[in-house]
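Text of work_12.tsv, listed as TSV, C-alpha atoms:
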```
chain	number	residue	atom	x	y	z
O	235	MET	CA	132.40	34.07	288.69
O	236	LEU	CA	129.71	32.95	286.26
O	237	SER	CA	130.59	33.12	282.59
O	238	TYR	CA	128.59	34.17	279.57
O	239	ASP	CA	128.38	30.50	278.49
O	240	TRP	CA	126.90	29.59	281.88
O	241	PHE	CA	124.06	32.07	281.35
O	242	ILE	CA	123.51	30.89	277.76
O	243	THR	CA	123.29	27.29	279.01
O	244	THR	CA	120.87	28.30	281.77
O	245	GLY	CA	118.65	30.21	279.32
O	246	SER	CA	118.70	27.48	276.70
O	247	THR	CA	117.85	24.81	279.27
O	248	LEU	CA	115.05	26.97	280.66
O	249	VAL	CA	113.42	27.42	277.24
O	250	LEU	CA	113.82	23.77	276.20
O	251	ILE	CA	112.45	22.30	279.45
O	252	ALA	CA	109.61	24.86	279.73
O	253	LEU	CA	108.36	24.14	276.21
O	254	ALA	CA	108.66	20.40	276.77
O	255	GLU	CA	106.71	20.53	280.05
O	256	ILE	CA	103.75	22.76	279.05
O	257	GLY	CA	100.62	20.63	279.13
O	258	ASP	CA	102.47	17.68	280.66
O	259	LYS	CA	101.15	15.65	283.59
O	260	SER	CA	102.98	17.70	286.24
O	261	GLN	CA	101.14	20.82	285.12
O	262	LEU	CA	97.87	18.87	285.26
O	263	VAL	CA	98.75	17.75	288.80
O	264	CYS	CA	99.23	21.38	289.83
O	265	MET	CA	95.99	22.51	288.15
O	266	THR	CA	93.98	19.70	289.72
O	267	LEU	CA	95.31	20.23	293.24
O	268	ALA	CA	95.19	24.04	293.08
O	269	ALA	CA	91.52	23.89	292.07
O	270	ARG	CA	90.70	22.39	295.49
O	271	HIS	CA	93.48	23.63	297.78
O	272	ARG	CA	95.46	26.77	298.59
O	273	PRO	CA	98.00	27.50	295.85
O	274	TRP	CA	101.14	28.00	297.98
O	275	PRO	CA	101.43	24.45	299.36
O	276	VAL	CA	100.81	23.06	295.87
O	277	LEU	CA	103.48	25.27	294.32
O	278	SER	CA	105.92	24.60	297.19
O	279	GLY	CA	105.51	20.83	296.80
O	280	ALA	CA	106.04	21.09	293.04
O	281	VAL	CA	109.18	23.23	293.40
O	282	LEU	CA	110.69	20.84	295.97
O	283	ALA	CA	109.91	17.84	293.77
O	284	PHE	CA	111.45	19.38	290.66
O	285	ALA	CA	114.54	20.65	292.51
O	286	LEU	CA	115.15	17.10	293.75
O	287	LEU	CA	114.42	15.44	290.38
O	288	ASN	CA	116.69	17.89	288.56
O	289	LEU	CA	119.47	17.37	291.09
O	290	LEU	CA	119.29	13.60	290.56
O	291	ALA	CA	119.26	14.06	286.79
O	292	VAL	CA	122.21	16.48	286.80
O	293	LEU	CA	124.27	14.24	289.09
O	294	PHE	CA	123.54	11.26	286.84
O	295	GLY	CA	124.35	13.20	283.67
O	296	ALA	CA	127.58	14.63	285.06
O	297	GLY	CA	128.55	11.18	286.39
O	298	VAL	CA	127.96	9.60	283.00
O	299	ALA	CA	130.06	12.33	281.38
O	300	ALA	CA	132.97	11.43	283.68
O	301	TRP	CA	132.94	7.79	282.53
O	302	ILE	CA	131.88	8.00	278.88
O	303	PRO	CA	133.98	9.78	276.24
O	304	GLU	CA	132.52	13.13	275.18
O	305	HIS	CA	131.85	12.10	271.57
O	306	ILE	CA	129.85	9.04	272.66
O	307	ALA	CA	127.88	10.99	275.31
O	308	ALA	CA	127.07	13.71	272.76
O	309	ALA	CA	125.95	11.10	270.20
O	310	ILE	CA	123.63	9.49	272.79
O	311	VAL	CA	122.22	12.90	273.76
O	312	SER	CA	121.67	13.73	270.09
O	313	ALA	CA	119.74	10.49	269.53
O	314	LEU	CA	117.63	11.01	272.69
O	315	PHE	CA	116.78	14.59	271.76
O	316	ALA	CA	115.88	13.56	268.21
O	317	ALA	CA	113.53	10.90	269.61
O	318	PHE	CA	111.97	13.40	272.05
O	319	GLY	CA	111.58	15.95	269.25
O	320	ILE	CA	109.81	13.49	266.96
O	321	HIS	CA	107.60	12.25	269.83
O	322	THR	CA	106.69	15.83	270.81
O	323	LEU	CA	105.91	16.83	267.22
O	324	ARG	CA	103.59	13.83	266.91
O	325	ALA	CA	101.71	14.60	270.16
O	326	ASN	CA	98.12	15.71	269.61
O	327	GLY	CA	97.58	17.60	272.85
O	328	ALA	CA	98.07	17.51	276.57
O	329	ASP	CA	98.57	14.22	278.36
O	330	ASP	CA	95.29	12.43	279.00
O	331	GLU	CA	96.36	11.23	282.41
O	332	THR	CA	94.26	12.43	285.31
O	333	ILE	CA	95.54	12.69	288.84
O	334	ALA	CA	93.25	11.95	291.76
O	335	ASP	CA	93.05	14.36	294.65
O	336	ARG	CA	94.37	12.84	297.87
O	337	GLY	CA	92.67	14.87	300.58
O	338	ARG	CA	92.97	18.18	302.34
O	339	HIS	CA	95.81	17.64	304.82
O	340	GLY	CA	99.39	17.33	303.79
O	341	ILE	CA	98.86	18.92	300.38
O	342	LEU	CA	102.51	19.95	300.13
O	343	LEU	CA	103.62	16.35	300.69
O	344	THR	CA	100.86	15.07	298.40
O	345	THR	CA	102.03	17.37	295.59
O	346	LEU	CA	105.66	16.43	296.23
O	347	ALA	CA	104.87	12.70	296.10
O	348	LEU	CA	102.60	12.93	293.04
O	349	ILE	CA	105.15	14.88	291.01
O	350	LEU	CA	108.05	12.67	292.09
O	351	VAL	CA	106.14	9.60	290.93
O	352	ALA	CA	104.74	11.21	287.77
O	353	GLU	CA	108.01	12.75	286.59
O	354	PHE	CA	110.66	10.23	287.65
O	355	GLY	CA	112.28	9.05	284.41
O	356	ASP	CA	110.10	11.39	282.32
O	357	LYS	CA	111.43	12.91	279.12
O	358	THR	CA	112.29	16.21	280.83
O	359	GLN	CA	114.34	14.46	283.53
O	360	ILE	CA	116.18	12.46	280.88
O	361	ALA	CA	116.70	15.67	278.89
O	362	VAL	CA	118.19	17.36	281.98
O	363	ALA	CA	120.54	14.41	282.49
O	364	GLY	CA	121.53	14.55	278.83
O	365	LEU	CA	122.22	18.27	278.95
O	366	ALA	CA	124.26	17.90	282.15
O	367	SER	CA	126.42	15.26	280.48
O	368	THR	CA	127.73	17.78	277.94
O	369	LEU	CA	127.11	21.21	279.49
O	370	PRO	CA	127.85	22.86	282.89
O	371	ALA	CA	125.76	20.91	285.41
O	372	SER	CA	124.97	23.86	287.69
O	373	ALA	CA	123.65	25.92	284.78
O	374	VAL	CA	121.48	23.02	283.60
O	375	TRP	CA	120.08	22.51	287.12
O	376	VAL	CA	119.28	26.21	287.55
O	377	GLY	CA	117.68	26.52	284.11
O	378	ALA	CA	115.61	23.35	284.46
O	379	THR	CA	114.46	24.18	287.99
O	380	ILE	CA	113.41	27.72	287.02
O	381	ALA	CA	111.59	26.33	283.97
O	382	LEU	CA	109.69	23.70	285.93
O	383	THR	CA	108.89	26.15	288.74
O	384	THR	CA	107.49	28.56	286.16
O	385	ILE	CA	105.41	25.86	284.48
O	386	SER	CA	104.14	24.67	287.86
O	387	GLY	CA	103.21	28.26	288.72
O	388	LEU	CA	101.30	28.55	285.47
O	389	GLY	CA	99.53	25.31	286.31
O	390	VAL	CA	98.63	26.54	289.79
O	391	TRP	CA	97.45	30.05	288.91
O	392	ALA	CA	96.78	30.43	285.22
O	393	GLY	CA	97.29	27.04	283.56
O	394	SER	CA	93.71	26.43	282.62
O	395	THR	CA	93.35	29.95	281.15
O	396	LEU	CA	96.65	29.67	279.29
O	397	LEU	CA	95.80	26.27	277.86
O	398	ARG	CA	92.40	27.50	276.64
O	399	ARG	CA	93.91	30.48	274.84
O	400	LEU	CA	96.98	28.89	273.29
O	401	PRO	CA	96.50	25.95	270.93
O	402	MET	CA	98.36	23.02	272.47
O	403	HIS	CA	99.51	21.73	269.09
O	404	TRP	CA	101.55	24.93	268.58
O	405	MET	CA	103.27	24.44	271.93
O	406	HIS	CA	104.07	20.83	271.00
O	407	ARG	CA	105.45	21.93	267.63
O	408	ALA	CA	107.67	24.55	269.24
O	409	GLY	CA	108.92	22.06	271.85
O	410	GLY	CA	109.53	19.38	269.23
O	411	ALA	CA	111.45	21.77	266.99
O	412	LEU	CA	113.59	22.88	269.93
O	413	PHE	CA	114.41	19.26	270.84
O	414	LEU	CA	115.46	18.63	267.23
O	415	LEU	CA	117.63	21.77	267.26
O	416	PHE	CA	119.34	20.58	270.45
O	417	SER	CA	119.76	17.16	268.81
O	418	LEU	CA	121.62	18.77	265.89
O	419	MET	CA	123.80	20.77	268.29
O	420	ALA	CA	124.68	17.60	270.25
O	421	ALA	CA	125.39	15.77	266.98
O	422	TRP	CA	127.77	18.57	265.95
O	423	ARG	CA	129.48	18.31	269.35
O	424	ALA	CA	129.83	14.52	268.87
O	425	ILE	CA	131.35	14.97	265.41
O	426	SER	CA	133.71	17.70	266.63
O	427	ALA	CA	134.90	15.63	269.61
O	428	TRP	CA	135.30	12.38	267.63
O	429	PRO	CA	138.88	11.11	267.90
O	430	ARG	CA	140.85	11.51	264.68
```

Show the structure stored in the file as structure tokens.
Amino acid sequence: MLSYDWFITTGSTLVLIALAEIGDKSQLVCMTLAARHRPWPVLSGAVLAFALLNLLAVLFGAGVAAWIPEHIAAAIVSALFAAFGIHTLRANGADDETIADRGRHGILLTTLALILVAEFGDKTQIAVAGLASTLPASAVWVGATIALTTISGLGVWAGSTLLRRLPMHWMHRAGGALFLLFSLMAAWRAISAWPR
């Protein structure tokens, strides 16, 4: 049976990853492809890509947690999140990268491949691995996958409208602040778990 903490972890992961991914290259991939193709294959390719990327990240994070003492893993996660928070706060707007359209046939596979390449090793995948190293892996995977599916859906159907109405710098500030908050929480966990 799922616990209250599992749902808190899922919700926290969802919010953190969603804020970090708004305006990122994967959302631009979805907007670009959905402008020329049917939305369902684009969204399906994005969901499959993110489910796979999150699974790899969670397995890596949980594996690292099994080999590295908790206080060291939490200290590393704290440092990574602090770096992501500072980087996000300094960002001026959406990523400038543009993604070329790759034709009409095989759009699901095209979306899957583009997102796998664009997001492999990205800050959100590293964040998912970091969260999974200190929190329940299944909750992190569910939260991150729902977040990235939602952001992809926004990119496919309403991303361009949303991005025109909401100032991107506010989204970056919110995401950066959330990364810094998670950094402080991981630092507290590292201090609490430090051997005495």

- prompt: Separation of CA of Gly279 (chain O) and CA of Glu255 (chain O), in Å?
  reply: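 Distance reported for this atom pair: 16.8 Å.
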
- line: Counting only C-alpha atoms, the residue among O:Leu282, O:Cys264, O:Ile310, O:Ala427 that lies closest to Ser367 (chain O) is O:Ile310

- prompt: Counting all atoms listed in the file, what is within 9 Å of Trp375 (chain O), bar same-chain residues fewer than 4 positions away, as a PyMOL selection string?
  reply: chain O and resi 244+247+285+288-289+291-292+362+366+370-371+379-380

field: Distance in Å - CA of Leu290 (chain O) versus CA of Leu267 (chain O)
entry: 25.0 Å

query: Hey, can you check how far CA of Thr358 (chain O) sits from CA of Ser426 (chain O)?
result: 25.7 Å

query: Which is closest to Trp422 (chain O) among O:Ser312, O:Ser386, O:Thr368, O:Thr345, if we use only C-alpha atoms?
result: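 Among the listed residues, O:Ser312 lies closest to Trp422 (chain O).
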
Of the listed residues O:Ala373, O:Val390, O:Leu323, O:Ala280, that which approaches Arg407 (chain O) most closely, counting only C-alpha atoms: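 For Arg407 (chain O), the nearest of the given residues is O:Leu323.
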
- request: Kindly extract all protein, DNA and RNA residues lying within 12 Å of the coordinates (140.1, 11.8, 267.9) given in the file, considering all atoms listed in the file, and supply them as a ChimeraX atom specification.
  value: /O:303-306,424-430

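When all atoms listed in the file are used to compute distances to Arg324 (chain O), the closest of the residues O:Trp391, O:Trp404, O:Trp301, O:Trp274 turns out to be O:Trp404.
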
query: From the list O:Leu369, O:Leu348, O:Ala283, O:Ala313, which residue is nearest Leu415 (chain O) when using all atoms listed in the file?
result: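 Using all atoms listed in the file, Leu415 (chain O) sits closest to O:Ala313.
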
Using only the atoms of region 367-386 of chain O listed in the file, plus 6 Å on each side, state the axis-aligned box centre and edge lengths in Å rounded to one decimal, as AutoDock Vina command-line options.
```
--center_x 116.0 --center_y 21.9 --center_z 283.3 --size_x 35.7 --size_y 25.3 --size_z 22.8
```

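Restricting the calculation to all atoms listed in the file, the smallest distance between Ala420 (chain O) and any of O:Leu342, O:Ile320, O:Ala252, O:Leu365 is found for O:Leu365.
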
Would you mind writing region 276-287 of chain O with all heavy atoms, as an mmCIF file, in the frame of the given file?
```cif
data_model
loop_
_atom_site.group_PDB
_atom_site.id
_atom_site.type_symbol
_atom_site.label_atom_id
_atom_site.label_comp_id
_atom_site.auth_asym_id
_atom_site.auth_seq_id
_atom_site.Cartn_x
_atom_site.Cartn_y
_atom_site.Cartn_z
ATOM 1 N N VAL O 276 100.703 23.800 297.136
ATOM 2 C CA VAL O 276 100.810 23.060 295.870
ATOM 3 C C VAL O 276 102.085 23.474 295.139
ATOM 4 O O VAL O 276 102.880 22.629 294.703
ATOM 5 C CB VAL O 276 99.564 23.281 294.987
ATOM 6 C CG1 VAL O 276 99.747 22.624 293.621
ATOM 7 C CG2 VAL O 276 98.313 22.751 295.677
ATOM 8 N N LEU O 277 102.297 24.777 295.013
ATOM 9 C CA LEU O 277 103.480 25.270 294.320
ATOM 10 C C LEU O 277 104.752 24.879 295.069
ATOM 11 O O LEU O 277 105.735 24.459 294.454
ATOM 12 C CB LEU O 277 103.413 26.792 294.148
ATOM 13 C CG LEU O 277 104.560 27.417 293.354
ATOM 14 C CD1 LEU O 277 104.617 26.853 291.941
ATOM 15 C CD2 LEU O 277 104.422 28.925 293.316
ATOM 16 N N SER O 278 104.735 24.968 296.392
ATOM 17 C CA SER O 278 105.920 24.600 297.190
ATOM 18 C C SER O 278 106.265 23.124 296.995
ATOM 19 O O SER O 278 107.443 22.767 296.832
ATOM 20 C CB SER O 278 105.679 24.884 298.671
ATOM 21 O OG SER O 278 105.449 26.254 298.874
ATOM 22 N N GLY O 279 105.263 22.257 297.023
ATOM 23 C CA GLY O 279 105.510 20.830 296.800
ATOM 24 C C GLY O 279 106.075 20.566 295.423
ATOM 25 O O GLY O 279 106.988 19.741 295.255
ATOM 26 N N ALA O 280 105.544 21.272 294.408
ATOM 27 C CA ALA O 280 106.040 21.090 293.040
ATOM 28 C C ALA O 280 107.486 21.558 292.911
ATOM 29 O O ALA O 280 108.312 20.874 292.291
ATOM 30 C CB ALA O 280 105.147 21.857 292.060
ATOM 31 N N VAL O 281 107.815 22.705 293.496
ATOM 32 C CA VAL O 281 109.180 23.230 293.400
ATOM 33 C C VAL O 281 110.167 22.278 294.082
ATOM 34 O O VAL O 281 111.237 21.988 293.538
ATOM 35 C CB VAL O 281 109.258 24.647 294.010
ATOM 36 C CG1 VAL O 281 110.695 25.115 294.149
ATOM 37 C CG2 VAL O 281 108.467 25.638 293.153
ATOM 38 N N LEU O 282 109.811 21.790 295.269
ATOM 39 C CA LEU O 282 110.690 20.840 295.970
ATOM 40 C C LEU O 282 110.896 19.567 295.146
ATOM 41 O O LEU O 282 112.015 19.055 295.031
ATOM 42 C CB LEU O 282 110.104 20.494 297.342
ATOM 43 C CG LEU O 282 110.181 21.585 298.401
ATOM 44 C CD1 LEU O 282 109.394 21.175 299.641
ATOM 45 C CD2 LEU O 282 111.631 21.885 298.760
ATOM 46 N N ALA O 283 109.811 19.063 294.574
ATOM 47 C CA ALA O 283 109.910 17.840 293.770
ATOM 48 C C ALA O 283 110.826 18.049 292.572
ATOM 49 O O ALA O 283 111.700 17.214 292.289
ATOM 50 C CB ALA O 283 108.518 17.401 293.308
ATOM 51 N N PHE O 284 110.646 19.157 291.858
ATOM 52 C CA PHE O 284 111.450 19.380 290.660
ATOM 53 C C PHE O 284 112.906 19.692 291.002
ATOM 54 O O PHE O 284 113.812 19.293 290.262
ATOM 55 C CB PHE O 284 110.846 20.487 289.800
ATOM 56 C CG PHE O 284 109.679 20.022 289.000
ATOM 57 C CD1 PHE O 284 108.455 20.664 289.087
ATOM 58 C CD2 PHE O 284 109.786 18.930 288.163
ATOM 59 C CE1 PHE O 284 107.366 20.226 288.354
ATOM 60 C CE2 PHE O 284 108.710 18.481 287.420
ATOM 61 C CZ PHE O 284 107.496 19.131 287.523
ATOM 62 N N ALA O 285 113.156 20.398 292.103
ATOM 63 C CA ALA O 285 114.540 20.650 292.510
ATOM 64 C C ALA O 285 115.256 19.333 292.781
ATOM 65 O O ALA O 285 116.404 19.130 292.358
ATOM 66 C CB ALA O 285 114.582 21.561 293.732
ATOM 67 N N LEU O 286 114.567 18.407 293.449
ATOM 68 C CA LEU O 286 115.150 17.100 293.750
ATOM 69 C C LEU O 286 115.344 16.269 292.473
ATOM 70 O O LEU O 286 116.411 15.690 292.246
ATOM 71 C CB LEU O 286 114.274 16.352 294.746
ATOM 72 C CG LEU O 286 114.718 14.937 295.122
ATOM 73 C CD1 LEU O 286 116.106 14.952 295.762
ATOM 74 C CD2 LEU O 286 113.708 14.305 296.063
ATOM 75 N N LEU O 287 114.317 16.210 291.630
ATOM 76 C CA LEU O 287 114.420 15.440 290.380
ATOM 77 C C LEU O 287 115.533 15.975 289.487
ATOM 78 O O LEU O 287 116.283 15.201 288.880
ATOM 79 C CB LEU O 287 113.087 15.460 289.636
ATOM 80 C CG LEU O 287 111.963 14.618 290.244
ATOM 81 C CD1 LEU O 287 110.625 14.966 289.607
ATOM 82 C CD2 LEU O 287 112.260 13.132 290.094
#
```
